[in-house]
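Visitor: Structure supplied as run26.tsv; contents: TSV, C-alpha atoms.
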```tsv
chain	number	residue	atom	x	y	z
A	54	MET	CA	-29.64	-16.33	-21.50
A	55	PRO	CA	-29.37	-13.60	-18.85
A	56	VAL	CA	-26.90	-14.01	-15.98
A	57	SER	CA	-28.38	-14.03	-12.50
A	58	LYS	CA	-27.49	-11.17	-10.14
A	59	LYS	CA	-25.83	-13.61	-7.75
A	60	ARG	CA	-23.65	-15.16	-10.47
A	61	LYS	CA	-22.82	-11.73	-11.91
A	62	LYS	CA	-21.76	-10.53	-8.44
A	63	LYS	CA	-19.44	-13.55	-7.98
A	64	THR	CA	-17.80	-12.87	-11.36
A	65	GLN	CA	-17.24	-9.20	-10.52
A	66	GLY	CA	-15.64	-10.13	-7.17
A	67	ALA	CA	-13.29	-12.59	-8.88
A	68	ASN	CA	-12.27	-9.92	-11.41
A	69	GLN	CA	-11.53	-7.41	-8.64
A	70	ARG	CA	-9.35	-9.97	-6.81
A	71	LYS	CA	-7.40	-10.68	-10.01
A	72	GLN	CA	-6.79	-6.95	-10.50
A	73	ALA	CA	-5.60	-6.61	-6.89
A	74	ILE	CA	-3.15	-9.49	-7.35
A	75	ASN	CA	-1.58	-7.86	-10.41
A	76	GLN	CA	-1.24	-4.46	-8.74
A	77	PRO	CA	2.26	-3.26	-7.74
A	78	ILE	CA	2.69	-3.08	-3.98
A	79	VAL	CA	4.93	-1.39	-1.40
A	80	ARG	CA	5.98	-3.52	1.57
A	81	TYR	CA	5.64	-1.65	4.87
A	82	ILE	CA	7.38	-2.71	8.09
A	83	CYS	CA	6.32	-1.75	11.61
A	84	THR	CA	9.13	0.02	13.46
A	85	SER	CA	7.81	-1.34	16.79
A	86	CYS	CA	6.81	-4.99	16.31
A	87	GLY	CA	8.29	-5.76	12.86
A	88	ALA	CA	4.95	-6.75	11.32
A	89	GLU	CA	4.83	-6.49	7.53
A	90	GLU	CA	2.00	-5.33	5.33
A	91	GLU	CA	1.72	-4.98	1.56
A	92	ILE	CA	-0.02	-1.77	0.50
A	93	PRO	CA	-0.95	-1.12	-3.15
A	94	LEU	CA	1.36	1.40	-4.79
A	95	SER	CA	-1.63	3.44	-5.94
A	96	VAL	CA	-2.72	3.93	-2.30
A	97	VAL	CA	0.78	4.95	-1.19
A	98	LYS	CA	1.09	7.45	-4.07
A	99	THR	CA	-2.33	8.91	-3.25
A	100	PHE	CA	-1.22	9.56	0.35
A	101	ASP	CA	2.08	10.98	-0.97
A	102	GLU	CA	0.17	13.44	-3.17
A	103	MET	CA	-2.25	14.43	-0.39
A	104	ASP	CA	0.40	15.21	2.24
A	105	GLN	CA	2.99	17.49	0.70
A	106	SER	CA	3.74	19.29	3.99
A	107	ASN	CA	6.95	17.27	4.51
A	108	ILE	CA	8.40	15.82	1.32
A	109	ASN	CA	11.40	14.50	3.29
A	110	GLU	CA	9.22	11.80	4.91
A	111	PRO	CA	7.48	8.93	3.10
A	112	PRO	CA	3.79	8.19	3.54
A	113	GLN	CA	3.45	6.35	6.86
A	114	PHE	CA	0.71	4.19	8.28
A	115	ASP	CA	-0.26	2.79	11.68
A	116	CYS	CA	0.40	-0.88	12.38
A	117	GLU	CA	-2.79	-2.91	12.70
A	118	SER	CA	-1.10	-5.26	15.20
A	119	CYS	CA	0.39	-2.85	17.74
A	120	GLY	CA	-0.46	0.69	16.59
A	121	GLY	CA	3.22	1.49	15.91
A	122	LEU	CA	4.58	3.42	12.95
A	123	MET	CA	4.93	1.59	9.64
A	124	ARG	CA	7.57	2.70	7.15
A	125	PRO	CA	8.12	1.55	3.55
A	126	GLU	CA	10.84	-1.04	2.96
A	127	LYS	CA	11.67	0.78	-0.29
A	128	TYR	CA	9.67	3.52	-1.98
A	129	THR	CA	10.45	6.28	-4.48
A	130	SER	CA	8.23	9.28	-3.81
A	131	ILE	CA	6.36	11.28	-6.41
A	132	PHE	CA	9.17	13.85	-6.00
A	133	GLY	CA	11.86	11.29	-6.87
A	134	LYS	CA	13.20	10.88	-3.32
A	135	VAL	CA	14.08	7.27	-2.42
A	136	PHE	CA	13.14	5.99	1.04
A	137	GLU	CA	14.47	2.72	2.43
A	138	TYR	CA	13.81	1.21	5.83
A	139	LYS	CA	15.77	-1.69	7.21
A	140	ARG	CA	14.82	-3.42	10.44
A	141	GLY	CA	16.68	-2.05	13.43
A	142	SER	CA	17.62	1.20	11.69
A	143	ASP	CA	15.44	3.29	14.05
```
Can you turn what I pasted into structure tokens?

Guide:
Amino acid sequence: MPVSKKRKKKTQGANQRKQAINQPIVRYICTSCGAEEEIPLSVVKTFDEMDQSNINEPPQFDCESCGGLMRPEKYTSIFGKVFEYKRGSD
């Protein structure tokens, strides 16, 4: 018996959520307000590969709460450099 489009769509969405849950993440912390966000490692690595102009800085994002700078709590770049950010270290 064929599966309806609606039911098929629900199943696909559930599978995508399961894949997202199992994906490694990098925790980012806002240097201004302290908000935290989990960003998939694959996204962080993609940004790392795209911006090779300054390999001494990790990929950084803007905070959705206040617009401040978000830095990774701990991340090893594609070049092997380890970046760690602890609250209050800026």

Visitor: Expressed in Å to a single decimal, how great is the separation between CA of Asn75 in chain A and CA of Met123 in chain A?

Guide: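 Those two atoms sit 23.1 Å apart.
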
Visitor: Using all atoms listed in the file, find all polymer residues with an atom at most 12 Å away from the point (16.6, -3.2, 6.0); report them as a PDB file with C-alpha atoms, in the frame of the given file.

Guide:
```pdb
ATOM      1  CA  ARG A  80       5.980  -3.520   1.570  1.00  0.00           C
ATOM      2  CA  TYR A  81       5.640  -1.650   4.870  1.00  0.00           C
ATOM      3  CA  ILE A  82       7.380  -2.710   8.090  1.00  0.00           C
ATOM      4  CA  CYS A  83       6.320  -1.750  11.610  1.00  0.00           C
ATOM      5  CA  THR A  84       9.130   0.020  13.460  1.00  0.00           C
ATOM      6  CA  GLY A  87       8.290  -5.760  12.860  1.00  0.00           C
ATOM      7  CA  ARG A 124       7.570   2.700   7.150  1.00  0.00           C
ATOM      8  CA  PRO A 125       8.120   1.550   3.550  1.00  0.00           C
ATOM      9  CA  GLU A 126      10.840  -1.040   2.960  1.00  0.00           C
ATOM     10  CA  LYS A 127      11.670   0.780  -0.290  1.00  0.00           C
ATOM     11  CA  PHE A 136      13.140   5.990   1.040  1.00  0.00           C
ATOM     12  CA  GLU A 137      14.470   2.720   2.430  1.00  0.00           C
ATOM     13  CA  TYR A 138      13.810   1.210   5.830  1.00  0.00           C
ATOM     14  CA  LYS A 139      15.770  -1.690   7.210  1.00  0.00           C
ATOM     15  CA  ARG A 140      14.820  -3.420  10.440  1.00  0.00           C
ATOM     16  CA  GLY A 141      16.680  -2.050  13.430  1.00  0.00           C
ATOM     17  CA  SER A 142      17.620   1.200  11.690  1.00  0.00           C
ATOM     18  CA  ASP A 143      15.440   3.290  14.050  1.00  0.00           C
TER      19      ASP A 143
END
```

Visitor: When distances are computed from only C-alpha atoms, which of A:Asn107, A:Gln113, A:Thr99, A:Ser118 shows the smallest separation from Ser85 in chain A?

Guide: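 Comparing A:Asn107, A:Gln113, A:Thr99, A:Ser118 against Ser85 in chain A, the winner is A:Ser118.
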
Visitor: Rounded to one decimal, what separation in Å do you get between CA of Glu90 in chain A and CA of Pro111 in chain A?

Guide: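 According to the coordinates, CA of Glu90 in chain A and CA of Pro111 in chain A are separated by 15.4 Å.
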
Visitor: Give the answer as one residue: which of A:Val97, A:Glu102, A:Gln76, A:Cys86 has the shortest atom-to-atom distance to Tyr128 in chain A, using all atoms listed in the file?

Guide: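 Smallest distance to Tyr128 in chain A is found for A:Val97.
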
Visitor: Would you mind reading off the distance between CA of Ser130 in chain A and CA of Glu89 in chain A, one decimal, in Å?

Guide: 19.7 Å

Visitor: Of the candidates A:Ile78, A:Leu122, A:Cys116, A:Ile131, which shows the shortest atom-to-atom distance to Phe100 in chain A, using all atoms listed in the file?

Guide: A:Ile131

Visitor: Check the smallest atom-to-atom distance from each of A:Pro112, A:Gly133, A:Gly120, A:Pro77 to Lys98 in chain A using only C-alpha atoms, then report the winner.

Guide: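 Closest to Lys98 in chain A, using only C-alpha atoms: A:Pro112.
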
Visitor: Calculated over all atoms listed in the file, which of the candidates A:Phe132, A:Ser106, A:Cys119, A:Val79 has the smallest distance to Glu91 in chain A?

Guide: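 Result for the nearest residue to Glu91 in chain A: A:Val79.
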
Visitor: Using all atoms of range 116-119 of chain A listed in the file and a margin of 3 Å per side, can you give the axis-aligned box centre and edge lengths in Å to one decimal, as JSON?

Guide:
```
{"center_x": -1.2, "center_y": -3.1, "center_z": 15.1, "size_x": 9.2, "size_y": 10.4, "size_z": 11.4}
```
